[in-house]
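coords_7.cif follows; it contains mmCIF, C-alpha atoms.
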```
data_structure
#
loop_
_atom_site.label_atom_id
_atom_site.label_comp_id
_atom_site.auth_asym_id
_atom_site.auth_seq_id
_atom_site.Cartn_x
_atom_site.Cartn_y
_atom_site.Cartn_z
CA MET X 1 14.23 34.66 -20.15
CA ARG X 2 11.17 35.26 -17.93
CA THR X 3 9.31 32.44 -19.73
CA MET X 4 12.20 30.05 -19.07
CA GLN X 5 12.31 31.08 -15.39
CA LEU X 6 8.57 30.47 -15.05
CA PHE X 7 8.95 27.08 -16.75
CA GLN X 8 11.78 26.10 -14.39
CA LYS X 9 9.80 27.29 -11.37
CA ASN X 10 6.73 25.27 -12.41
CA LEU X 11 8.87 22.21 -13.11
CA ILE X 12 10.48 22.41 -9.66
CA LEU X 13 7.05 22.86 -8.05
CA THR X 14 5.71 19.84 -9.95
CA LEU X 15 8.65 17.70 -8.80
CA ILE X 16 8.17 18.80 -5.18
CA LEU X 17 4.47 17.91 -5.30
CA THR X 18 5.23 14.55 -6.91
CA VAL X 19 7.75 13.68 -4.21
CA PHE X 20 5.32 14.79 -1.51
CA VAL X 21 2.39 12.77 -2.86
CA THR X 22 4.24 9.55 -3.76
CA GLY X 23 7.48 9.61 -1.81
CA ILE X 24 5.78 9.58 1.58
CA LEU X 25 3.48 6.67 0.83
CA PRO X 26 4.77 3.32 2.11
CA GLU X 27 3.42 1.09 -0.65
CA ALA X 28 3.52 3.52 -3.56
CA ASP X 29 6.63 1.96 -5.11
CA ALA X 30 5.10 -1.51 -4.86
CA GLY X 31 2.14 -0.37 -6.99
CA ILE X 32 -1.12 -0.14 -5.04
CA GLU X 33 -3.96 -1.76 -6.97
CA ALA X 34 -6.81 0.61 -7.82
CA VAL X 35 -9.68 -1.00 -9.72
CA LYS X 36 -12.89 1.01 -9.94
CA GLY X 37 -15.82 -0.95 -8.58
CA LYS X 38 -13.66 -3.50 -6.75
CA LYS X 39 -14.18 -3.85 -3.00
CA TYR X 40 -11.13 -3.67 -0.74
CA LYS X 41 -12.17 -4.92 2.69
CA LEU X 42 -10.18 -4.52 5.89
CA THR X 43 -8.77 -7.72 7.42
CA LYS X 44 -6.53 -8.67 10.35
CA ARG X 45 -3.60 -8.86 7.95
CA HIS X 46 -3.61 -5.08 7.56
CA GLY X 47 -2.16 -2.56 9.96
CA PRO X 48 -1.65 -2.83 12.86
CA TRP X 49 -1.74 0.98 12.92
CA MET X 50 -3.87 2.73 10.31
CA ILE X 51 -5.52 6.05 9.50
CA MET X 52 -9.24 6.37 10.21
CA VAL X 53 -10.12 8.44 7.15
CA ALA X 54 -13.90 8.83 7.41
CA GLY X 55 -17.06 7.24 8.73
CA LEU X 56 -20.16 7.14 6.51
CA SER X 57 -23.74 6.09 7.23
CA ASP X 58 -26.95 6.05 5.21
CA ILE X 59 -29.79 8.46 5.87
CA PRO X 60 -33.31 7.03 6.27
CA ASP X 61 -35.03 6.11 2.99
CA SER X 62 -37.79 8.62 3.78
CA ARG X 63 -35.27 11.47 3.61
CA ARG X 64 -33.11 10.14 0.79
CA SER X 65 -33.92 11.29 -2.73
CA LYS X 66 -30.79 10.68 -4.78
CA GLY X 67 -27.06 10.24 -4.56
CA LEU X 68 -24.71 7.47 -3.53
CA SER X 69 -25.29 5.09 -0.67
CA ALA X 70 -22.76 5.00 2.17
CA GLN X 71 -21.23 1.80 0.73
CA GLU X 72 -20.95 3.32 -2.77
CA ALA X 73 -19.38 6.52 -1.42
CA ALA X 74 -16.92 4.52 0.71
CA ASP X 75 -15.88 2.35 -2.25
CA GLU X 76 -15.35 5.45 -4.39
CA LEU X 77 -13.27 7.15 -1.66
CA VAL X 78 -11.13 4.02 -1.36
CA PHE X 79 -10.61 4.09 -5.13
CA GLU X 80 -9.53 7.76 -5.08
CA LEU X 81 -7.03 7.13 -2.28
CA ARG X 82 -5.62 4.05 -3.97
CA LYS X 83 -5.09 6.02 -7.19
CA ARG X 84 -2.75 8.19 -5.14
CA GLY X 85 -0.75 5.23 -3.85
CA ILE X 86 -2.47 5.00 -0.45
CA PRO X 87 -3.67 1.48 0.48
CA ALA X 88 -7.25 2.05 1.61
CA TYR X 89 -9.98 -0.34 2.75
CA THR X 90 -13.60 -0.36 3.91
CA PHE X 91 -14.74 -1.62 7.30
CA GLN X 92 -18.40 -2.48 7.89
CA GLN X 93 -19.63 -1.79 11.40
CA GLU X 94 -22.88 -3.52 12.33
CA SER X 95 -25.39 -1.98 14.72
CA VAL X 96 -25.37 -3.34 18.27
CA ILE X 97 -28.50 -3.13 20.41
CA GLN X 98 -28.06 -3.44 24.18
CA ARG X 99 -31.08 -4.43 26.33
CA PHE X 100 -31.43 -3.94 30.07
CA ASN X 101 -34.03 -4.15 32.83
CA THR X 102 -35.17 -1.04 34.68
CA LEU X 103 -38.11 0.29 36.68
CA ASP X 104 -40.71 2.77 35.52
CA ARG X 105 -41.90 5.65 37.72
CA LEU X 106 -44.47 3.38 39.35
CA GLY X 107 -41.80 0.88 40.34
CA ARG X 108 -42.79 -1.68 37.75
CA GLU X 109 -40.02 -3.61 35.99
CA GLU X 110 -39.68 -3.03 32.29
CA ARG X 111 -37.17 -3.95 29.59
CA ARG X 112 -35.54 -1.23 27.55
CA SER X 113 -32.97 -1.10 24.76
CA TYR X 114 -30.60 1.40 23.24
CA ALA X 115 -28.23 1.53 20.27
CA ALA X 116 -24.80 0.90 21.78
CA GLN X 117 -23.25 1.02 18.31
CA ARG X 118 -24.84 2.37 15.16
CA ALA X 119 -24.37 0.73 11.79
CA GLY X 120 -22.02 2.44 9.39
CA ILE X 121 -19.06 1.99 7.12
CA SER X 122 -15.58 3.39 7.63
CA VAL X 123 -12.75 4.07 5.22
CA ILE X 124 -9.38 3.14 6.72
CA ALA X 125 -5.96 3.55 5.08
CA GLY X 126 -2.30 2.70 5.47
CA ASN X 127 -0.31 -0.08 7.15
CA TYR X 128 2.08 1.15 9.85
CA SER X 129 4.08 -0.47 12.64
CA ASP X 130 3.18 2.19 15.21
CA SER X 131 1.55 5.59 15.59
CA ASN X 132 4.88 7.44 15.58
CA ASP X 133 5.89 6.12 12.16
CA ASP X 134 7.18 9.05 10.06
CA VAL X 135 5.36 7.89 6.95
CA ALA X 136 2.12 7.51 8.92
CA GLN X 137 2.38 11.08 10.21
CA LYS X 138 3.12 12.54 6.77
CA THR X 139 0.36 10.54 5.10
CA LEU X 140 -2.12 11.62 7.80
CA LYS X 141 -1.21 15.25 7.14
CA TYR X 142 -1.78 14.72 3.42
CA ILE X 143 -5.14 12.98 3.90
CA LYS X 144 -6.43 15.75 6.19
CA LYS X 145 -6.00 18.21 3.30
CA PHE X 146 -7.16 15.85 0.55
CA GLN X 147 -10.32 16.90 -1.33
CA PRO X 148 -11.87 13.70 -2.74
CA LYS X 149 -14.31 14.25 -5.59
CA VAL X 150 -16.81 11.77 -4.17
CA LEU X 151 -17.30 14.01 -1.12
CA THR X 152 -16.79 17.48 -2.60
CA GLU X 153 -18.69 17.17 -5.90
CA ASN X 154 -21.73 15.21 -4.75
CA GLY X 155 -22.88 17.47 -1.95
CA VAL X 156 -21.99 14.93 0.75
CA TYR X 157 -19.71 17.33 2.60
CA LYS X 158 -20.57 20.81 3.82
CA LYS X 159 -17.69 22.99 5.03
CA THR X 160 -17.89 24.19 8.66
CA PRO X 161 -15.45 26.10 10.91
CA GLY X 162 -14.70 22.92 12.84
CA GLN X 163 -14.40 20.78 9.71
CA PRO X 164 -12.59 22.86 7.05
CA GLY X 165 -12.03 19.83 4.82
CA PRO X 166 -14.01 16.63 4.22
CA LEU X 167 -11.23 14.53 5.73
CA SER X 168 -9.77 16.99 8.25
CA GLY X 169 -11.06 14.80 11.09
CA ALA X 170 -8.84 11.83 10.08
CA PHE X 171 -6.76 10.31 12.88
CA LEU X 172 -4.44 7.39 13.61
CA ALA X 173 -5.93 4.30 15.25
CA ILE X 174 -5.30 0.59 15.54
CA ASN X 175 -6.89 -1.78 13.06
CA PRO X 176 -10.43 -2.28 14.46
CA ARG X 177 -10.24 -5.97 13.58
CA LEU X 178 -7.30 -6.43 15.97
CA SER X 179 -7.35 -6.59 19.75
CA PRO X 180 -4.82 -4.51 21.74
CA GLN X 181 -2.97 -7.74 22.57
CA GLU X 182 -2.69 -8.66 18.89
CA VAL X 183 -1.30 -5.20 18.16
CA ALA X 184 1.24 -5.57 20.97
CA ASN X 185 2.34 -8.95 19.62
CA ARG X 186 3.09 -7.41 16.22
CA LYS X 187 5.32 -4.68 17.59
CA GLN X 188 8.94 -5.52 16.87
CA ASP X 189 11.35 -5.67 19.77
CA PRO X 190 14.27 -3.28 19.06
CA LEU X 191 16.62 -5.97 20.39
CA ILE X 192 15.39 -8.40 17.70
CA ALA X 193 16.12 -5.81 15.02
CA LYS X 194 19.63 -5.32 16.44
CA LEU X 195 20.42 -9.04 16.64
CA ASN X 196 19.30 -9.60 13.04
CA SER X 197 20.78 -6.56 11.34
CA GLY X 198 22.92 -7.39 8.33
CA ILE X 199 22.73 -11.17 8.64
CA GLU X 200 22.56 -13.52 5.66
CA TYR X 201 19.20 -15.26 5.05
CA SER X 202 17.47 -13.00 7.58
CA LEU X 203 13.78 -13.71 8.14
CA LEU X 204 13.26 -9.94 8.29
CA LYS X 205 13.86 -9.94 4.52
CA ASN X 206 11.16 -12.55 3.87
CA LYS X 207 8.51 -10.86 1.71
CA GLY X 208 5.69 -13.14 2.86
CA LYS X 209 3.39 -12.71 5.85
CA TYR X 210 4.09 -16.15 7.34
CA SER X 211 6.89 -18.70 7.52
CA LEU X 212 7.20 -22.17 9.07
CA VAL X 213 9.60 -22.72 12.01
CA VAL X 214 11.34 -26.08 11.46
CA ALA X 215 14.38 -25.92 13.78
CA SER X 216 15.25 -24.17 17.05
CA PHE X 217 18.68 -23.74 18.63
CA TYR X 218 18.89 -22.59 22.24
CA GLY X 219 21.78 -21.16 24.24
CA ASN X 220 22.39 -20.28 27.88
CA SER X 221 25.30 -17.86 27.79
CA VAL X 222 26.97 -15.16 25.80
CA THR X 223 30.33 -15.96 24.23
CA LYS X 224 32.91 -13.45 25.49
CA THR X 225 34.45 -12.47 22.18
CA ALA X 226 34.74 -9.12 20.50
CA THR X 227 32.81 -10.39 17.49
CA SER X 228 29.88 -11.81 19.48
CA ARG X 229 26.60 -10.63 18.01
CA PHE X 230 24.94 -11.03 21.41
CA GLN X 231 27.56 -9.50 23.68
CA ASN X 232 26.27 -6.25 25.20
CA ALA X 233 23.13 -6.53 23.07
CA SER X 234 21.04 -6.14 26.19
CA LYS X 235 21.90 -5.53 29.83
CA THR X 236 19.20 -8.04 30.77
CA LEU X 237 20.51 -10.79 28.48
CA LYS X 238 21.96 -13.14 31.11
CA VAL X 239 21.69 -16.75 29.99
CA GLY X 240 23.74 -19.98 29.85
CA LYS X 241 25.31 -21.94 26.83
CA SER X 242 26.56 -20.09 23.82
CA LEU X 243 23.99 -18.10 21.89
CA ASP X 244 26.67 -17.56 19.28
CA LEU X 245 26.92 -21.31 18.72
CA ALA X 246 23.12 -21.47 18.41
CA ALA X 247 23.22 -18.63 15.90
CA GLU X 248 25.97 -20.31 13.88
CA ASN X 249 24.08 -23.62 13.82
CA ALA X 250 20.93 -21.90 12.59
CA TRP X 251 22.81 -20.07 9.85
CA ARG X 252 24.63 -23.23 8.70
CA LEU X 253 21.35 -25.18 8.53
CA ALA X 254 19.65 -22.42 6.54
CA LYS X 255 22.56 -22.35 4.13
CA ALA X 256 22.46 -26.15 3.77
CA LEU X 257 18.71 -26.12 3.10
CA ARG X 258 19.23 -23.53 0.40
CA ASN X 259 21.54 -26.09 -1.22
CA ALA X 260 19.39 -29.10 -0.28
CA LYS X 261 19.28 -30.53 -3.78
CA SER X 262 23.03 -31.00 -3.91
CA TYR X 263 22.93 -32.86 -0.58
CA GLY X 264 20.04 -35.06 -1.62
CA PHE X 265 17.68 -33.71 1.05
CA PRO X 266 14.96 -34.72 1.06
CA ALA X 267 15.34 -37.92 -0.91
CA GLY X 268 14.73 -37.17 -4.56
CA ALA X 269 14.67 -33.40 -3.96
CA ALA X 270 13.90 -31.52 -7.17
CA ARG X 271 14.86 -28.07 -5.88
CA ASP X 272 16.45 -26.20 -3.01
CA ILE X 273 14.44 -24.95 -0.02
CA ASP X 274 14.04 -21.25 0.76
CA ALA X 275 15.21 -21.08 4.36
CA TYR X 276 15.58 -18.12 6.73
CA VAL X 277 17.20 -17.36 10.09
CA LEU X 278 15.89 -15.31 13.01
CA HIS X 279 17.92 -14.63 16.17
CA GLU X 280 15.80 -14.12 19.28
CA LYS X 281 16.68 -13.32 22.86
CA TYR X 282 17.30 -16.90 23.96
CA ARG X 283 17.36 -18.88 20.74
CA SER X 284 17.95 -18.84 16.99
CA ILE X 285 15.41 -20.40 14.66
CA VAL X 286 15.30 -21.60 11.07
CA THR X 287 12.12 -21.17 9.04
CA VAL X 288 11.15 -22.31 5.56
CA GLY X 289 8.84 -20.80 3.02
CA SER X 290 7.17 -17.49 2.35
CA PHE X 291 3.38 -17.54 2.60
CA ASP X 292 0.68 -14.89 2.34
CA SER X 293 -1.95 -17.00 4.07
CA PRO X 294 -1.99 -19.59 6.87
CA ASP X 295 -4.15 -21.69 4.52
CA ASP X 296 -1.48 -21.96 1.83
CA PRO X 297 -1.45 -25.65 0.70
CA ARG X 298 2.37 -25.63 0.59
CA LEU X 299 2.38 -25.39 4.39
CA THR X 300 0.90 -28.87 4.71
CA ALA X 301 3.64 -30.33 2.51
CA TYR X 302 6.41 -28.57 4.47
CA ALA X 303 4.93 -29.58 7.83
CA LYS X 304 4.80 -33.20 6.69
CA LEU X 305 8.35 -33.10 5.33
CA PHE X 306 10.00 -31.61 8.46
CA GLY X 307 7.72 -32.94 11.21
CA SER X 308 8.43 -36.11 13.22
CA LYS X 309 7.12 -39.45 11.92
CA MET X 310 6.48 -42.98 13.12
CA LYS X 311 9.63 -44.98 12.32
CA PRO X 312 10.97 -48.37 13.48
CA HIS X 313 13.80 -48.30 16.03
CA PRO X 314 17.04 -49.50 14.34
CA GLU X 315 17.69 -52.06 17.11
CA THR X 316 14.28 -53.13 18.42
CA ASN X 317 12.31 -52.50 15.22
CA VAL X 318 9.54 -51.06 17.41
CA GLU X 319 7.88 -48.05 15.80
CA SER X 320 8.07 -44.78 17.67
CA MET X 321 7.67 -41.10 16.90
CA THR X 322 11.06 -39.94 15.58
CA ALA X 323 12.22 -36.43 14.70
CA GLU X 324 13.47 -35.76 11.19
CA TYR X 325 17.10 -34.81 10.68
CA PHE X 326 19.43 -33.50 7.99
CA VAL X 327 22.93 -34.92 7.58
CA ILE X 328 25.75 -33.73 5.36
CA PRO X 329 27.81 -36.93 4.83
CA GLY X 330 31.59 -37.09 4.99
CA LYS X 331 33.82 -37.39 1.93
CA THR X 332 33.79 -41.19 2.14
CA PRO X 333 31.24 -43.67 3.55
CA GLN X 334 33.65 -44.30 6.42
CA SER X 335 34.12 -40.62 7.25
CA PRO X 336 32.04 -39.05 10.00
CA PRO X 337 29.32 -36.64 8.83
CA ILE X 338 30.42 -33.08 8.19
CA ALA X 339 27.33 -31.73 9.94
CA SER X 340 23.93 -32.87 11.18
CA TRP X 341 20.83 -31.15 12.54
CA VAL X 342 17.60 -32.35 14.15
CA PHE X 343 14.36 -30.60 13.21
CA ASP X 344 11.64 -29.60 15.65
CA PRO X 345 9.16 -32.47 16.17
CA LYS X 346 6.24 -30.23 15.22
CA PRO X 347 6.86 -27.29 12.86
CA THR X 348 4.99 -24.14 13.87
CA LEU X 349 3.64 -21.29 11.80
CA MET X 350 4.78 -17.78 12.69
CA ARG X 351 4.06 -14.30 11.38
CA VAL X 352 7.09 -12.79 9.70
CA PRO X 353 8.41 -9.83 11.72
CA LYS X 354 9.02 -6.79 9.56
CA ALA X 355 12.07 -4.57 9.83
CA ARG X 356 11.25 -0.95 10.57
#
```
Could you write out this structure as structure tokens?
Amino acid sequence: MRTMQLFQKNLILTLILTVFVTGILPEADAGIEAVKGKKYKLTKRHGPWMIMVAGLSDIPDSRRSKGLSAQEAADELVFELRKRGIPAYTFQQESVIQRFNTLDRLGREERRSYAAQRAGISVIAGNYSDSNDDVAQKTLKYIKKFQPKVLTENGVYKKTPGQPGPLSGAFLAINPRLSPQEVANRKQDPLIAKLNSGIEYSLLKNKGKYSLVVASFYGNSVTKTATSRFQNASKTLKVGKSLDLAAENAWRLAKALRNAKSYGFPAGAARDIDAYVLHEKYRSIVTVGSFDSPDDPRLTAYAKLFGSKMKPHPETNVESMTAEYFVIPGKTPQSPPIASWVFDPKPTLMRVPKAR
């Protein structure tokens, strides 16, 4: 009986530890890549809030006898964190020398310099929307107590009263590759989240990093109905023509694009178009595509398809820049069109906002 109780106790403890280590990590379920020897470098696409895990720098060659370089140790630490489901990256910081003019004690002008920033390499982990993110706080707590082999078994770290663990000095910070303004631009407006909750074809569900805005619908007033998505959404939302009508138009266009092949748009279409809707404070927009990079070649094709083109005027035959449009024809050639929409003259790339 005692053996069974001990087994059950150990099993419960194992499950608790498993939940703690993997359940708190934002990308653990997605499968964080961990390839030994591969370099994972920090970019602007990461973050915006992250955990500054550790900063490493090389000692002078005259004092170095053996062991890993700062780069090798950083890469190994990144590998250990990634094995535990934590997306970690390295960030190379170059040395910056500042020079200035001054006077010596005899009043003669001389030029001096000092190291404003010393070279080093940092290990940074996580991708969080803000510093108060629950997952960020729990992961930070875990990292502070983590004992990576690369630091504990190679003599790199020496325990001190102020630094009980090799990573106990970890802290939350913004991605060093982003400016404060870029971080502010990424922060999602709570109103946007409210306006887009539970809608069909929501851009917030787009798994890519970028999407292309092809149509915009503006409104100047809130429809006074009990079912209005915009009514009472914000006390400051005081505008003119119906935002609900704009929202409905955007949704109908997105739905039509997702069935573009059946409508023959564009001419000779081989497949439907993945379209999304986003409701903003004063407009609703339709975007197409899901892209991980602004250099994706599919963006050029979409921009050409939806953007305005030089076309002859039907009456004067004079060529002019004309916006593209999408028409759902009536049941007969004589019937008026069921619906029609005009696309933005110049499609624009936007970063996909992520739901919290």
Excluding segment 284-286 of chain X and residues on its chain fewer than 6 positions from it, collect all residues at most 7 Å away from it, counting only C-alpha atoms, and give them as JSON, numbers by chain.
{"X": [213, 214, 215, 216, 217, 218, 246, 247, 250, 254, 275, 276, 277, 278]}
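Separating atom CA of Pro345 of chain X from atom CA of Ile192 of chain X is a distance of 24.9 Å.
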Starting from the shown file, work through the PyMOL selection byres ((chain X and resi 125) around 8) and note down what comes out as a list in words.
Met50, Ile51, Met52, Val53, Ile86, Pro87, Ala88, Tyr89, Val123, Ile124, Gly126 and Asn127 of chain X
Result set, the PyMOL selection byres ((chain X and resi 70-72) around 6) on current file, as a PDB file with C-alpha atoms, in the frame of the given file:
```pdb
ATOM      1  CA  LEU X  56     -20.160   7.140   6.510  1.00  0.00           C
ATOM      2  CA  SER X  57     -23.740   6.090   7.230  1.00  0.00           C
ATOM      3  CA  ASP X  58     -26.950   6.050   5.210  1.00  0.00           C
ATOM      4  CA  LEU X  68     -24.710   7.470  -3.530  1.00  0.00           C
ATOM      5  CA  SER X  69     -25.290   5.090  -0.670  1.00  0.00           C
ATOM      6  CA  ALA X  73     -19.380   6.520  -1.420  1.00  0.00           C
ATOM      7  CA  ALA X  74     -16.920   4.520   0.710  1.00  0.00           C
ATOM      8  CA  ASP X  75     -15.880   2.350  -2.250  1.00  0.00           C
TER       9      ASP X  75
END
```
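In this structure, atom CA of His279 of chain X sits 25.0 Å away from atom CA of Thr300 of chain X.
Atom pair atom CA of Asp272 of chain X / atom CA of Arg258 of chain X: separated by 5.1 Å.
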Kindly provide, as lines of an AutoDock Vina configuration file, the centre and edge lengths (Å, one decimal) of an axis-aligned box around all atoms of segment 175-184 of chain X given in the file, with 6 Å on each side.
```
center_x = -4.6
center_y = -5.2
center_z = 17.8
size_x = 23.7
size_y = 18.9
size_z = 21.5
```
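The shortest atom-to-atom distance to Gln137 of chain X, with only C-alpha atoms taken into account, belongs to X:Leu172 out of X:Leu172, X:Val78, X:Leu151, X:Met310.
The shortest atom-to-atom distance to Phe291 of chain X, with only C-alpha atoms taken into account, belongs to X:Tyr210 out of X:Phe306, X:Tyr210, X:Tyr325, X:Phe91.
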Pick the closest to Leu42 of chain X from X:Gly67, X:Gly307, X:Pro161, X:Pro176: which is it, counting all atoms listed in the file?
X:Pro176
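With the shown file loaded, the PyMOL selection byres ((chain X and resi 349) around 9) picks out Tyr210, Ser211, Leu212, Val213, Thr287, Pro294, Leu299, Pro347, Thr348, Met350 and Arg351 of chain X.
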Do you know which residues are at most 6 Å from segment 141-149 of chain X counting only C-alpha atoms, after dropping those on the same chain fewer than 4 positions away, and could you put them as a ChimeraX atom specification?
/X:153,167-168
List the spatial neighbours of Gln92 of chain X as a VMD selection string - criterion: any atom at most 7 Å away, only C-alpha atoms, same-chain residues fewer than 4 positions off excluded.
chain X and resid 120 to 122
Would you please work out which residue, of X:Phe326, X:Phe343, X:Tyr263, X:Tyr128, is nearest to Val183 of chain X when using only C-alpha atoms?
X:Tyr128
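Nearest to Ser290 of chain X of all the residues X:Val150, X:Leu203, X:Ile338, X:Lys346 is X:Leu203, based on only C-alpha atoms.
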Kindly complete segment 31-54 of chain X to N, CA and C atoms; the output should be written as a compact mmCIF listing (two decimals), in the frame of the given file.
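Below you can see rebuild_33.txt, which holds the result:
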```
# COMPACT_ATOMS: atom_id res chain seq x y z
N GLY X 31 3.25 -0.42 -6.07
CA GLY X 31 2.14 -0.37 -6.99
C GLY X 31 0.85 -0.81 -6.30
N ILE X 32 0.13 0.17 -5.72
CA ILE X 32 -1.12 -0.14 -5.04
C ILE X 32 -2.21 -0.33 -6.08
N GLU X 33 -2.89 -1.47 -6.01
CA GLU X 33 -3.96 -1.76 -6.97
C GLU X 33 -5.11 -0.79 -6.77
N ALA X 34 -5.66 -0.28 -7.87
CA ALA X 34 -6.81 0.61 -7.82
C ALA X 34 -7.74 0.26 -8.97
N VAL X 35 -8.72 -0.56 -8.71
CA VAL X 35 -9.68 -1.00 -9.72
C VAL X 35 -11.05 -0.43 -9.34
N LYS X 36 -11.59 0.38 -10.22
CA LYS X 36 -12.89 1.01 -9.94
C LYS X 36 -13.97 -0.05 -9.84
N GLY X 37 -14.75 0.01 -8.77
CA GLY X 37 -15.82 -0.95 -8.58
C GLY X 37 -15.42 -2.15 -7.74
N LYS X 38 -14.11 -2.36 -7.56
CA LYS X 38 -13.66 -3.50 -6.75
C LYS X 38 -13.72 -3.13 -5.27
N LYS X 39 -14.09 -4.10 -4.44
CA LYS X 39 -14.18 -3.85 -3.00
C LYS X 39 -12.89 -4.28 -2.31
N TYR X 40 -12.35 -3.39 -1.50
CA TYR X 40 -11.13 -3.67 -0.74
C TYR X 40 -11.51 -3.65 0.74
N LYS X 41 -11.70 -4.83 1.31
CA LYS X 41 -12.17 -4.92 2.69
C LYS X 41 -11.02 -5.08 3.68
N LEU X 42 -11.18 -4.46 4.83
CA LEU X 42 -10.18 -4.52 5.89
C LEU X 42 -10.14 -5.92 6.51
N THR X 43 -8.93 -6.43 6.77
CA THR X 43 -8.77 -7.72 7.42
C THR X 43 -7.74 -7.59 8.54
N LYS X 44 -7.53 -8.66 9.29
CA LYS X 44 -6.53 -8.67 10.35
C LYS X 44 -5.12 -8.60 9.81
N ARG X 45 -4.94 -8.90 8.53
CA ARG X 45 -3.60 -8.86 7.95
C ARG X 45 -3.10 -7.44 7.75
N HIS X 46 -4.00 -6.47 7.78
CA HIS X 46 -3.61 -5.08 7.56
C HIS X 46 -3.23 -4.42 8.88
N GLY X 47 -2.55 -3.28 8.75
CA GLY X 47 -2.16 -2.56 9.96
C GLY X 47 -0.81 -2.99 10.49
N PRO X 48 -0.62 -2.99 11.83
CA PRO X 48 -1.65 -2.83 12.86
C PRO X 48 -2.14 -1.40 13.07
N TRP X 49 -1.30 -0.40 12.79
CA TRP X 49 -1.74 0.98 12.92
C TRP X 49 -2.19 1.49 11.56
N MET X 50 -3.29 2.26 11.57
CA MET X 50 -3.87 2.73 10.31
C MET X 50 -4.45 4.13 10.53
N ILE X 51 -4.90 4.73 9.43
CA ILE X 51 -5.52 6.05 9.50
C ILE X 51 -7.03 5.89 9.34
N MET X 52 -7.79 6.34 10.32
CA MET X 52 -9.24 6.37 10.21
C MET X 52 -9.59 7.59 9.36
N VAL X 53 -9.93 7.35 8.11
CA VAL X 53 -10.12 8.44 7.15
C VAL X 53 -11.49 9.09 7.33
N ALA X 54 -12.55 8.28 7.31
CA ALA X 54 -13.90 8.83 7.41
C ALA X 54 -14.88 7.73 7.79
```
